[in-house]
Amino acid sequence: MTTIIAIIFFIFGLIIGSFLNVVIFRLNTQKSFMSGRSKCLACQKALSWYELFPILSFIFLGGRCKGCKTRISWQYPLVEFLTGLVFACLFLKFQDVFYTSTFVFAGTMAYYAGMFSLLIVIAVYDIRHKIIPNALALVFGILAFVGLFLFSDSVFYPHLPSIWELLSGVFIALPFALLWLLSRGTWMGLGDAKLAIGLGWLLGLSRALSGIVLAFWSGAVIGLILIAFSKKHSMRSELPLAPFMVLGAVIAFLFELHLFPIS
């Protein structure tokens, strides 16, 4: 039963991931997220219904537009798959709540599915444009702060947060802000500090610190690999940090990673 439900959430995540791709490509353009047919970015051909199935359409079309044969970006299936995987993992994390209280599970799942979907948009947009949109960082930060009052131990339970919880976002963001200030933006963007505030509130200090450390470790490894095997990258190449911060946050949250246990 648990496996079947996890698969259902995975499929639902695939559908949401397809919508996230629309948001990523249309953000900061004149196009609406909620209206207008999806089109090939190369030839502007409106996509048929059978070209819109998450992952499956990409496979059946051979990764190319049916009309102009231009290669379809791998972003589409990757975002869909990752969103589906996150949704399935969130269900598995909260499966005990699912079997004990449908109401609590619904509130918990809806909140964290929405938050991590927002993080996926931020990460992929940063990869594409080397910037974290202020609007996304602001919305994420506000929702994370509100979550302090609605969730305890990652489960829906309205309460008054402690001072420690309220300050967790500031503590996580402060080093990023200082690095940005001291380097005048050459070492790190201010957007990373804005994102860190929300991550601190969403994860709590211990998991957020663990996620940030994991982000720097994974970023360093990927950076060295790119320098070693890609002619387009060197020691001076810019590597967006947000995707690694999001990766670290997802792992720290799903697997309760506490490299620095802080009560």
# chains A, B, ... in the order shown; residues from 1 in each chain; ligands from 1

call {"tool": "residues_around", "arguments": {"residues": "segment 57-68 of chain A", "least_positions_apart": "5", "cutoff": "8 Å", "atoms": "only C-alpha atoms", "output": "mmCIF file with N, CA and C atoms, in the first residue's frame"}}
result
data_model
loop_
_atom_site.group_PDB
_atom_site.id
_atom_site.type_symbol
_atom_site.label_atom_id
_atom_site.label_comp_id
_atom_site.auth_asym_id
_atom_site.auth_seq_id
_atom_site.Cartn_x
_atom_site.Cartn_y
_atom_site.Cartn_z
ATOM 1 N N CYS A 40 7.076 25.226 -28.631
ATOM 2 C CA CYS A 40 8.499 24.954 -28.837
ATOM 3 C C CYS A 40 9.237 26.287 -28.785
ATOM 4 N N ALA A 42 11.985 27.014 -30.040
ATOM 5 C CA ALA A 42 12.710 27.298 -31.286
ATOM 6 C C ALA A 42 11.777 27.741 -32.410
ATOM 7 N N CYS A 43 10.743 26.946 -32.700
ATOM 8 C CA CYS A 43 9.873 27.247 -33.849
ATOM 9 C C CYS A 43 8.524 27.838 -33.450
ATOM 10 N N LYS A 45 5.955 26.433 -32.368
ATOM 11 C CA LYS A 45 4.811 25.574 -32.661
ATOM 12 C C LYS A 45 4.093 25.212 -31.365
ATOM 13 N N TYR A 50 -0.414 15.225 -26.705
ATOM 14 C CA TYR A 50 0.454 14.064 -26.529
ATOM 15 C C TYR A 50 1.936 14.455 -26.403
ATOM 16 N N GLU A 51 2.222 15.739 -26.590
ATOM 17 C CA GLU A 51 3.598 16.215 -26.408
ATOM 18 C C GLU A 51 3.818 16.802 -25.016
ATOM 19 N N LEU A 52 2.802 16.709 -24.168
ATOM 20 C CA LEU A 52 2.862 17.370 -22.868
ATOM 21 C C LEU A 52 2.922 16.400 -21.695
ATOM 22 N N SER A 73 15.358 20.824 -24.386
ATOM 23 C CA SER A 73 16.241 20.937 -23.236
ATOM 24 C C SER A 73 16.026 19.791 -22.250
ATOM 25 N N TRP A 74 17.139 19.260 -21.724
ATOM 26 C CA TRP A 74 17.067 18.210 -20.709
ATOM 27 C C TRP A 74 16.473 18.743 -19.409
ATOM 28 N N PRO A 77 12.652 17.046 -18.606
ATOM 29 C CA PRO A 77 12.485 15.776 -17.884
ATOM 30 C C PRO A 77 13.188 15.759 -16.529
#

call {"tool": "select_by_dssp", "arguments": {"residues": "segment 57-251 of chain A", "states": "strand (DSSP E or B)", "output": "CSV table (one decimal) with N, CA and C atoms, in the first residue's frame"}}
result
chain,number,residue,atom,x,y,z
A,64,ARG,N,13.5,15.6,-29.2
A,64,ARG,CA,13.5,16.7,-30.2
A,64,ARG,C,12.0,17.1,-30.5
A,71,ARG,N,16.6,20.1,-30.6
A,71,ARG,CA,16.7,19.4,-29.4
A,71,ARG,C,15.9,20.0,-28.3
A,151,PHE,N,4.3,24.7,12.2
A,151,PHE,CA,4.9,23.4,12.2
A,151,PHE,C,5.9,23.2,13.3
A,152,SER,N,5.8,22.1,13.9
A,152,SER,CA,6.7,21.7,15.0
A,152,SER,C,7.3,20.4,14.7
A,155,VAL,N,6.0,18.8,11.4
A,155,VAL,CA,4.6,18.4,11.3
A,155,VAL,C,3.7,19.5,11.7
A,156,PHE,N,2.5,19.6,11.0
A,156,PHE,CA,1.6,20.6,11.3
A,156,PHE,C,1.1,20.6,12.7

call {"tool": "closest_residue", "arguments": {"among": "A:Ile120, A:Leu138, A:Ala6, A:Ala220", "to": "Leu92 of chain A", "atoms": "only C-alpha atoms"}}
result
A:Ala6

call {"tool": "residues_around", "arguments": {"residues": "Gly219 of chain A", "least_positions_apart": "4", "cutoff": "8 Å", "atoms": "only C-alpha atoms", "output": "number ranges by chain"}}
result
A: 215, 223, 239, 241, 244

call {"tool": "write_last_selection", "arguments": {"atoms": "N, CA and C atoms", "output": "mmCIF file, in the first residue's frame"}}
result
data_model
loop_
_atom_site.group_PDB
_atom_site.id
_atom_site.type_symbol
_atom_site.label_atom_id
_atom_site.label_comp_id
_atom_site.auth_asym_id
_atom_site.auth_seq_id
_atom_site.Cartn_x
_atom_site.Cartn_y
_atom_site.Cartn_z
ATOM 1 N N ALA A 215 26.231 21.796 0.929
ATOM 2 C CA ALA A 215 26.197 22.611 -0.290
ATOM 3 C C ALA A 215 27.613 23.013 -0.710
ATOM 4 N N GLY A 223 32.701 21.766 -8.866
ATOM 5 C CA GLY A 223 33.562 22.783 -9.454
ATOM 6 C C GLY A 223 34.888 22.213 -9.925
ATOM 7 N N LEU A 239 30.122 29.753 -10.452
ATOM 8 C CA LEU A 239 29.313 28.568 -10.231
ATOM 9 C C LEU A 239 28.180 28.958 -9.294
ATOM 10 N N LEU A 241 25.518 29.132 -6.524
ATOM 11 C CA LEU A 241 25.496 28.411 -5.257
ATOM 12 C C LEU A 241 24.103 27.899 -4.898
ATOM 13 N N PHE A 244 23.190 24.151 -5.107
ATOM 14 C CA PHE A 244 23.821 23.315 -4.086
ATOM 15 C C PHE A 244 23.197 23.561 -2.711
#

call {"tool": "residues_around", "arguments": {"residues": "Val246 of chain A", "least_positions_apart": "4", "cutoff": "7 Å", "atoms": "only C-alpha atoms", "output": "number ranges by chain"}}
result
A: 119, 123, 242, 250

call {"tool": "select_by_dssp", "arguments": {"residues": "segment 109-248 of chain A", "states": "helix (DSSP H, G or I)", "output": "mmCIF file with N, CA and C atoms, in the first residue's frame"}}
result
data_model
loop_
_atom_site.group_PDB
_atom_site.id
_atom_site.type_symbol
_atom_site.label_atom_id
_atom_site.label_comp_id
_atom_site.auth_asym_id
_atom_site.auth_seq_id
_atom_site.Cartn_x
_atom_site.Cartn_y
_atom_site.Cartn_z
ATOM 1 N N MET A 109 2.020 17.954 4.125
ATOM 2 C CA MET A 109 2.465 17.615 2.767
ATOM 3 C C MET A 109 2.307 18.803 1.832
ATOM 4 N N ALA A 110 1.180 19.493 1.928
ATOM 5 C CA ALA A 110 0.940 20.628 1.045
ATOM 6 C C ALA A 110 1.985 21.713 1.257
ATOM 7 N N TYR A 111 2.321 21.976 2.503
ATOM 8 C CA TYR A 111 3.285 23.036 2.803
ATOM 9 C C TYR A 111 4.677 22.688 2.288
ATOM 10 N N TYR A 112 5.167 21.517 2.649
ATOM 11 C CA TYR A 112 6.540 21.189 2.278
ATOM 12 C C TYR A 112 6.669 20.877 0.782
ATOM 13 N N ALA A 113 5.631 20.323 0.171
ATOM 14 C CA ALA A 113 5.667 20.120 -1.278
ATOM 15 C C ALA A 113 5.745 21.461 -1.987
ATOM 16 N N GLY A 114 4.983 22.438 -1.488
ATOM 17 C CA GLY A 114 5.024 23.775 -2.076
ATOM 18 C C GLY A 114 6.368 24.449 -1.874
ATOM 19 N N MET A 115 6.929 24.311 -0.674
ATOM 20 C CA MET A 115 8.210 24.958 -0.373
ATOM 21 C C MET A 115 9.350 24.377 -1.210
ATOM 22 N N PHE A 116 9.389 23.060 -1.328
ATOM 23 C CA PHE A 116 10.475 22.453 -2.098
ATOM 24 C C PHE A 116 10.271 22.629 -3.602
ATOM 25 N N SER A 117 9.025 22.773 -4.031
ATOM 26 C CA SER A 117 8.782 23.117 -5.428
ATOM 27 C C SER A 117 9.332 24.505 -5.716
ATOM 28 N N LEU A 118 9.117 25.420 -4.786
ATOM 29 C CA LEU A 118 9.644 26.780 -4.928
ATOM 30 C C LEU A 118 11.168 26.763 -4.957
ATOM 31 N N LEU A 119 11.769 25.922 -4.141
ATOM 32 C CA LEU A 119 13.235 25.812 -4.128
ATOM 33 C C LEU A 119 13.764 25.256 -5.447
ATOM 34 N N ILE A 120 13.039 24.320 -6.038
ATOM 35 C CA ILE A 120 13.454 23.777 -7.337
ATOM 36 C C ILE A 120 13.445 24.871 -8.393
ATOM 37 N N VAL A 121 12.405 25.701 -8.387
ATOM 38 C CA VAL A 121 12.331 26.817 -9.335
ATOM 39 C C VAL A 121 13.516 27.756 -9.128
ATOM 40 N N ILE A 122 13.818 28.087 -7.880
ATOM 41 C CA ILE A 122 14.928 28.993 -7.565
ATOM 42 C C ILE A 122 16.251 28.406 -8.050
ATOM 43 N N ALA A 123 16.462 27.120 -7.788
ATOM 44 C CA ALA A 123 17.728 26.476 -8.156
ATOM 45 C C ALA A 123 17.928 26.458 -9.669
ATOM 46 N N VAL A 124 16.902 26.033 -10.396
ATOM 47 C CA VAL A 124 17.038 25.923 -11.852
ATOM 48 C C VAL A 124 17.136 27.302 -12.496
ATOM 49 N N TYR A 125 16.388 28.265 -11.982
ATOM 50 C CA TYR A 125 16.470 29.627 -12.518
ATOM 51 C C TYR A 125 17.874 30.196 -12.293
ATOM 52 N N ASP A 126 18.469 29.896 -11.144
ATOM 53 C CA ASP A 126 19.826 30.373 -10.859
ATOM 54 C C ASP A 126 20.840 29.722 -11.802
ATOM 55 N N ILE A 127 20.627 28.462 -12.125
ATOM 56 C CA ILE A 127 21.515 27.785 -13.079
ATOM 57 C C ILE A 127 21.428 28.453 -14.449
ATOM 58 N N ARG A 128 20.219 28.801 -14.859
ATOM 59 C CA ARG A 128 20.004 29.367 -16.191
ATOM 60 C C ARG A 128 20.461 30.817 -16.292
ATOM 61 N N HIS A 129 20.238 31.598 -15.233
ATOM 62 C CA HIS A 129 20.447 33.044 -15.330
ATOM 63 C C HIS A 129 21.464 33.609 -14.337
ATOM 64 N N ASN A 134 14.413 38.294 -6.698
ATOM 65 C CA ASN A 134 14.027 38.809 -5.391
ATOM 66 C C ASN A 134 12.626 38.362 -4.996
ATOM 67 N N ALA A 135 11.714 38.311 -5.970
ATOM 68 C CA ALA A 135 10.327 37.933 -5.673
ATOM 69 C C ALA A 135 10.252 36.510 -5.116
ATOM 70 N N LEU A 136 11.009 35.592 -5.718
ATOM 71 C CA LEU A 136 10.991 34.209 -5.250
ATOM 72 C C LEU A 136 11.619 34.088 -3.872
ATOM 73 N N ALA A 137 12.744 34.771 -3.660
ATOM 74 C CA ALA A 137 13.396 34.733 -2.352
ATOM 75 C C ALA A 137 12.493 35.318 -1.275
ATOM 76 N N LEU A 138 11.766 36.398 -1.621
ATOM 77 C CA LEU A 138 10.867 37.040 -0.663
ATOM 78 C C LEU A 138 9.699 36.127 -0.305
ATOM 79 N N VAL A 139 9.067 35.537 -1.322
ATOM 80 C CA VAL A 139 7.944 34.633 -1.071
ATOM 81 C C VAL A 139 8.390 33.437 -0.240
ATOM 82 N N PHE A 140 9.540 32.868 -0.598
ATOM 83 C CA PHE A 140 10.063 31.721 0.144
ATOM 84 C C PHE A 140 10.335 32.104 1.599
ATOM 85 N N GLY A 141 10.959 33.259 1.815
ATOM 86 C CA GLY A 141 11.265 33.699 3.171
ATOM 87 C C GLY A 141 10.013 33.927 4.003
ATOM 88 N N ILE A 142 9.008 34.559 3.407
ATOM 89 C CA ILE A 142 7.752 34.821 4.131
ATOM 90 C C ILE A 142 7.064 33.516 4.510
ATOM 91 N N LEU A 143 6.974 32.581 3.557
ATOM 92 C CA LEU A 143 6.323 31.303 3.828
ATOM 93 C C LEU A 143 7.092 30.495 4.868
ATOM 94 N N ALA A 144 8.421 30.566 4.814
ATOM 95 C CA ALA A 144 9.230 29.857 5.798
ATOM 96 C C ALA A 144 9.020 30.448 7.196
ATOM 97 N N PHE A 145 8.920 31.776 7.284
ATOM 98 C CA PHE A 145 8.690 32.429 8.572
ATOM 99 C C PHE A 145 7.308 32.063 9.122
ATOM 100 N N VAL A 146 6.299 32.077 8.265
ATOM 101 C CA VAL A 146 4.948 31.684 8.688
ATOM 102 C C VAL A 146 4.944 30.240 9.179
ATOM 103 N N GLY A 147 5.753 29.392 8.521
ATOM 104 C CA GLY A 147 5.828 27.990 8.904
ATOM 105 C C GLY A 147 6.339 27.779 10.320
ATOM 106 N N LEU A 148 7.101 28.734 10.844
ATOM 107 C CA LEU A 148 7.580 28.628 12.227
ATOM 108 C C LEU A 148 6.422 28.537 13.207
ATOM 109 N N PHE A 149 5.307 29.175 12.869
ATOM 110 C CA PHE A 149 4.137 29.220 13.746
ATOM 111 C C PHE A 149 3.179 28.055 13.494
ATOM 112 N N LEU A 150 3.366 27.348 12.375
ATOM 113 C CA LEU A 150 2.416 26.305 11.990
ATOM 114 C C LEU A 150 2.956 24.888 12.116
ATOM 115 N N ILE A 163 12.491 31.828 20.649
ATOM 116 C CA ILE A 163 13.404 32.867 20.152
ATOM 117 C C ILE A 163 14.489 32.236 19.287
ATOM 118 N N TRP A 164 14.950 31.074 19.697
ATOM 119 C CA TRP A 164 15.987 30.353 18.950
ATOM 120 C C TRP A 164 15.513 30.045 17.533
ATOM 121 N N GLU A 165 14.262 29.614 17.405
ATOM 122 C CA GLU A 165 13.704 29.315 16.085
ATOM 123 C C GLU A 165 13.546 30.581 15.253
ATOM 124 N N LEU A 166 13.111 31.658 15.886
ATOM 125 C CA LEU A 166 12.911 32.916 15.173
ATOM 126 C C LEU A 166 14.226 33.478 14.635
ATOM 127 N N LEU A 167 15.308 33.237 15.361
ATOM 128 C CA LEU A 167 16.614 33.785 14.975
ATOM 129 C C LEU A 167 17.399 32.855 14.047
ATOM 130 N N SER A 168 16.899 31.638 13.827
ATOM 131 C CA SER A 168 17.655 30.662 13.039
ATOM 132 C C SER A 168 17.944 31.163 11.630
ATOM 133 N N GLY A 169 16.976 31.827 11.004
ATOM 134 C CA GLY A 169 17.197 32.351 9.667
ATOM 135 C C GLY A 169 18.275 33.406 9.627
ATOM 136 N N VAL A 170 18.294 34.284 10.637
ATOM 137 C CA VAL A 170 19.301 35.349 10.709
ATOM 138 C C VAL A 170 20.686 34.748 10.895
ATOM 139 N N PHE A 171 20.792 33.744 11.778
ATOM 140 C CA PHE A 171 22.086 33.116 12.039
ATOM 141 C C PHE A 171 22.657 32.466 10.783
ATOM 142 N N ILE A 172 21.793 31.807 10.001
ATOM 143 C CA ILE A 172 22.255 31.134 8.785
ATOM 144 C C ILE A 172 22.640 32.146 7.711
ATOM 145 N N ALA A 173 21.875 33.237 7.607
ATOM 146 C CA ALA A 173 22.103 34.217 6.538
ATOM 147 C C ALA A 173 23.274 35.146 6.820
ATOM 148 N N LEU A 174 23.600 35.371 8.091
ATOM 149 C CA LEU A 174 24.621 36.360 8.448
ATOM 150 C C LEU A 174 25.977 36.106 7.782
ATOM 151 N N PRO A 175 26.524 34.878 7.800
ATOM 152 C CA PRO A 175 27.822 34.662 7.124
ATOM 153 C C PRO A 175 27.766 34.965 5.628
ATOM 154 N N PHE A 176 26.656 34.629 4.979
ATOM 155 C CA PHE A 176 26.512 34.912 3.551
ATOM 156 C C PHE A 176 26.498 36.420 3.302
ATOM 157 N N ALA A 177 25.768 37.134 4.157
ATOM 158 C CA ALA A 177 25.691 38.589 4.005
ATOM 159 C C ALA A 177 27.051 39.235 4.235
ATOM 160 N N LEU A 178 27.808 38.733 5.204
ATOM 161 C CA LEU A 178 29.137 39.289 5.488
ATOM 162 C C LEU A 178 30.096 39.036 4.328
ATOM 163 N N LEU A 179 30.033 37.830 3.753
ATOM 164 C CA LEU A 179 30.887 37.527 2.606
ATOM 165 C C LEU A 179 30.542 38.428 1.422
ATOM 166 N N TRP A 180 29.252 38.656 1.227
ATOM 167 C CA TRP A 180 28.832 39.551 0.147
ATOM 168 C C TRP A 180 29.325 40.973 0.406
ATOM 169 N N LEU A 181 29.229 41.429 1.650
ATOM 170 C CA LEU A 181 29.615 42.792 1.995
ATOM 171 C C LEU A 181 31.122 42.986 1.877
ATOM 172 N N LEU A 182 31.895 42.044 2.418
ATOM 173 C CA LEU A 182 33.354 42.172 2.408
ATOM 174 C C LEU A 182 33.928 42.091 0.994
ATOM 175 N N SER A 183 33.293 41.273 0.152
ATOM 176 C CA SER A 183 33.808 41.096 -1.217
ATOM 177 C C SER A 183 33.137 42.027 -2.213
ATOM 178 N N LEU A 190 24.116 38.591 -3.131
ATOM 179 C CA LEU A 190 23.228 38.876 -2.005
ATOM 180 C C LEU A 190 22.013 37.958 -2.025
ATOM 181 N N GLY A 191 21.659 37.468 -3.197
ATOM 182 C CA GLY A 191 20.530 36.549 -3.296
ATOM 183 C C GLY A 191 20.732 35.288 -2.481
ATOM 184 N N ASP A 192 21.991 34.833 -2.371
ATOM 185 C CA ASP A 192 22.276 33.640 -1.574
ATOM 186 C C ASP A 192 21.973 33.888 -0.098
ATOM 187 N N ALA A 193 22.267 35.088 0.374
ATOM 188 C CA ALA A 193 21.963 35.445 1.761
ATOM 189 C C ALA A 193 20.458 35.495 1.985
ATOM 190 N N LYS A 194 19.739 36.039 1.013
ATOM 191 C CA LYS A 194 18.274 36.105 1.119
ATOM 192 C C LYS A 194 17.674 34.704 1.159
ATOM 193 N N LEU A 195 18.214 33.811 0.330
ATOM 194 C CA LEU A 195 17.738 32.433 0.317
ATOM 195 C C LEU A 195 18.058 31.738 1.635
ATOM 196 N N ALA A 196 19.233 32.028 2.196
ATOM 197 C CA ALA A 196 19.666 31.382 3.433
ATOM 198 C C ALA A 196 18.744 31.710 4.605
ATOM 199 N N ILE A 197 18.178 32.915 4.613
ATOM 200 C CA ILE A 197 17.249 33.283 5.690
ATOM 201 C C ILE A 197 16.074 32.306 5.716
ATOM 202 N N GLY A 198 15.473 32.094 4.555
ATOM 203 C CA GLY A 198 14.341 31.178 4.480
ATOM 204 C C GLY A 198 14.721 29.746 4.815
ATOM 205 N N LEU A 199 15.909 29.320 4.391
ATOM 206 C CA LEU A 199 16.352 27.958 4.691
ATOM 207 C C LEU A 199 16.534 27.765 6.186
ATOM 208 N N GLY A 200 17.050 28.786 6.857
ATOM 209 C CA GLY A 200 17.211 28.690 8.303
ATOM 210 C C GLY A 200 15.883 28.527 9.013
ATOM 211 N N TRP A 201 14.884 29.286 8.574
ATOM 212 C CA TRP A 201 13.555 29.177 9.181
ATOM 213 C C TRP A 201 12.868 27.864 8.810
ATOM 214 N N LEU A 202 13.063 27.405 7.582
ATOM 215 C CA LEU A 202 12.407 26.182 7.127
ATOM 216 C C LEU A 202 12.974 24.938 7.807
ATOM 217 N N LEU A 203 14.302 24.880 7.919
ATOM 218 C CA LEU A 203 14.950 23.660 8.389
ATOM 219 C C LEU A 203 15.288 23.668 9.874
ATOM 220 N N LEU A 205 18.067 25.467 12.799
ATOM 221 C CA LEU A 205 19.499 25.773 12.763
ATOM 222 C C LEU A 205 20.371 24.559 12.463
ATOM 223 N N SER A 206 20.108 23.435 13.122
ATOM 224 C CA SER A 206 20.964 22.259 12.959
ATOM 225 C C SER A 206 20.912 21.709 11.538
ATOM 226 N N ARG A 207 19.714 21.495 11.024
ATOM 227 C CA ARG A 207 19.607 20.947 9.664
ATOM 228 C C ARG A 207 20.065 21.950 8.622
ATOM 229 N N ALA A 208 19.797 23.247 8.869
ATOM 230 C CA ALA A 208 20.221 24.268 7.911
ATOM 231 C C ALA A 208 21.742 24.337 7.825
ATOM 232 N N LEU A 209 22.415 24.298 8.968
ATOM 233 C CA LEU A 209 23.879 24.296 8.974
ATOM 234 C C LEU A 209 24.423 23.073 8.238
ATOM 235 N N SER A 210 23.797 21.927 8.475
ATOM 236 C CA SER A 210 24.225 20.696 7.812
ATOM 237 C C SER A 210 24.032 20.813 6.303
ATOM 238 N N GLY A 211 22.898 21.377 5.899
ATOM 239 C CA GLY A 211 22.631 21.549 4.477
ATOM 240 C C GLY A 211 23.602 22.505 3.815
ATOM 241 N N ILE A 212 23.953 23.588 4.520
ATOM 242 C CA ILE A 212 24.898 24.562 3.961
ATOM 243 C C ILE A 212 26.282 23.946 3.797
ATOM 244 N N VAL A 213 26.731 23.196 4.800
ATOM 245 C CA VAL A 213 28.035 22.525 4.702
ATOM 246 C C VAL A 213 28.029 21.552 3.531
ATOM 247 N N LEU A 214 26.940 20.801 3.398
ATOM 248 C CA LEU A 214 26.824 19.867 2.273
ATOM 249 C C LEU A 214 26.832 20.616 0.949
ATOM 250 N N ALA A 215 26.231 21.796 0.929
ATOM 251 C CA ALA A 215 26.197 22.611 -0.290
ATOM 252 C C ALA A 215 27.613 23.013 -0.710
ATOM 253 N N PHE A 216 28.422 23.472 0.238
ATOM 254 C CA PHE A 216 29.788 23.885 -0.091
ATOM 255 C C PHE A 216 30.644 22.684 -0.487
ATOM 256 N N TRP A 217 30.465 21.554 0.190
ATOM 257 C CA TRP A 217 31.219 20.354 -0.174
ATOM 258 C C TRP A 217 30.879 19.913 -1.601
ATOM 259 N N SER A 218 29.584 19.787 -1.885
ATOM 260 C CA SER A 218 29.171 19.329 -3.216
ATOM 261 C C SER A 218 29.541 20.342 -4.285
ATOM 262 N N GLY A 219 29.426 21.637 -3.964
ATOM 263 C CA GLY A 219 29.814 22.677 -4.913
ATOM 264 C C GLY A 219 31.293 22.620 -5.250
ATOM 265 N N ALA A 220 32.119 22.366 -4.225
ATOM 266 C CA ALA A 220 33.562 22.275 -4.443
ATOM 267 C C ALA A 220 33.913 21.078 -5.328
ATOM 268 N N VAL A 221 33.260 19.951 -5.074
ATOM 269 C CA VAL A 221 33.531 18.743 -5.855
ATOM 270 C C VAL A 221 33.115 18.941 -7.312
ATOM 271 N N ILE A 222 31.907 19.462 -7.526
ATOM 272 C CA ILE A 222 31.427 19.687 -8.895
ATOM 273 C C ILE A 222 32.298 20.718 -9.604
ATOM 274 N N GLY A 223 32.701 21.766 -8.866
ATOM 275 C CA GLY A 223 33.562 22.783 -9.454
ATOM 276 C C GLY A 223 34.888 22.213 -9.925
ATOM 277 N N LEU A 224 35.501 21.370 -9.118
ATOM 278 C CA LEU A 224 36.779 20.749 -9.495
ATOM 279 C C LEU A 224 36.608 19.821 -10.689
ATOM 280 N N ILE A 225 35.494 19.104 -10.720
ATOM 281 C CA ILE A 225 35.230 18.200 -11.852
ATOM 282 C C ILE A 225 35.070 18.998 -13.146
ATOM 283 N N LEU A 226 34.345 20.110 -13.079
ATOM 284 C CA LEU A 226 34.145 20.944 -14.265
ATOM 285 C C LEU A 226 35.463 21.536 -14.748
ATOM 286 N N ILE A 227 36.298 21.975 -13.817
ATOM 287 C CA ILE A 227 37.596 22.545 -14.186
ATOM 288 C C ILE A 227 38.486 21.490 -14.842
ATOM 289 N N ALA A 228 38.407 20.262 -14.314
ATOM 290 C CA ALA A 228 39.276 19.193 -14.811
ATOM 291 C C ALA A 228 38.841 18.671 -16.179
ATOM 292 N N PHE A 229 37.534 18.637 -16.428
ATOM 293 C CA PHE A 229 37.048 17.968 -17.631
ATOM 294 C C PHE A 229 36.330 18.875 -18.629
ATOM 295 N N ALA A 242 23.062 28.583 -5.359
ATOM 296 C CA ALA A 242 21.691 28.225 -4.974
ATOM 297 C C ALA A 242 21.352 26.755 -5.237
ATOM 298 N N PRO A 243 21.723 26.177 -6.399
ATOM 299 C CA PRO A 243 21.381 24.761 -6.619
ATOM 300 C C PRO A 243 21.980 23.842 -5.556
ATOM 301 N N PHE A 244 23.190 24.151 -5.107
ATOM 302 C CA PHE A 244 23.821 23.315 -4.086
ATOM 303 C C PHE A 244 23.197 23.561 -2.711
ATOM 304 N N MET A 245 22.775 24.803 -2.449
ATOM 305 C CA MET A 245 22.075 25.093 -1.204
ATOM 306 C C MET A 245 20.746 24.342 -1.157
ATOM 307 N N VAL A 246 20.055 24.304 -2.297
ATOM 308 C CA VAL A 246 18.784 23.584 -2.362
ATOM 309 C C VAL A 246 19.011 22.080 -2.210
ATOM 310 N N LEU A 247 20.039 21.558 -2.874
ATOM 311 C CA LEU A 247 20.365 20.135 -2.749
ATOM 312 C C LEU A 247 20.671 19.789 -1.296
ATOM 313 N N GLY A 248 21.493 20.606 -0.656
ATOM 314 C CA GLY A 248 21.825 20.360 0.744
ATOM 315 C C GLY A 248 20.595 20.426 1.633
#

call {"tool": "closest_residue", "arguments": {"among": "A:Met188, A:Cys89, A:Met1, A:Ile7", "to": "Lys130 of chain A", "atoms": "only C-alpha atoms"}}
result
A:Met188
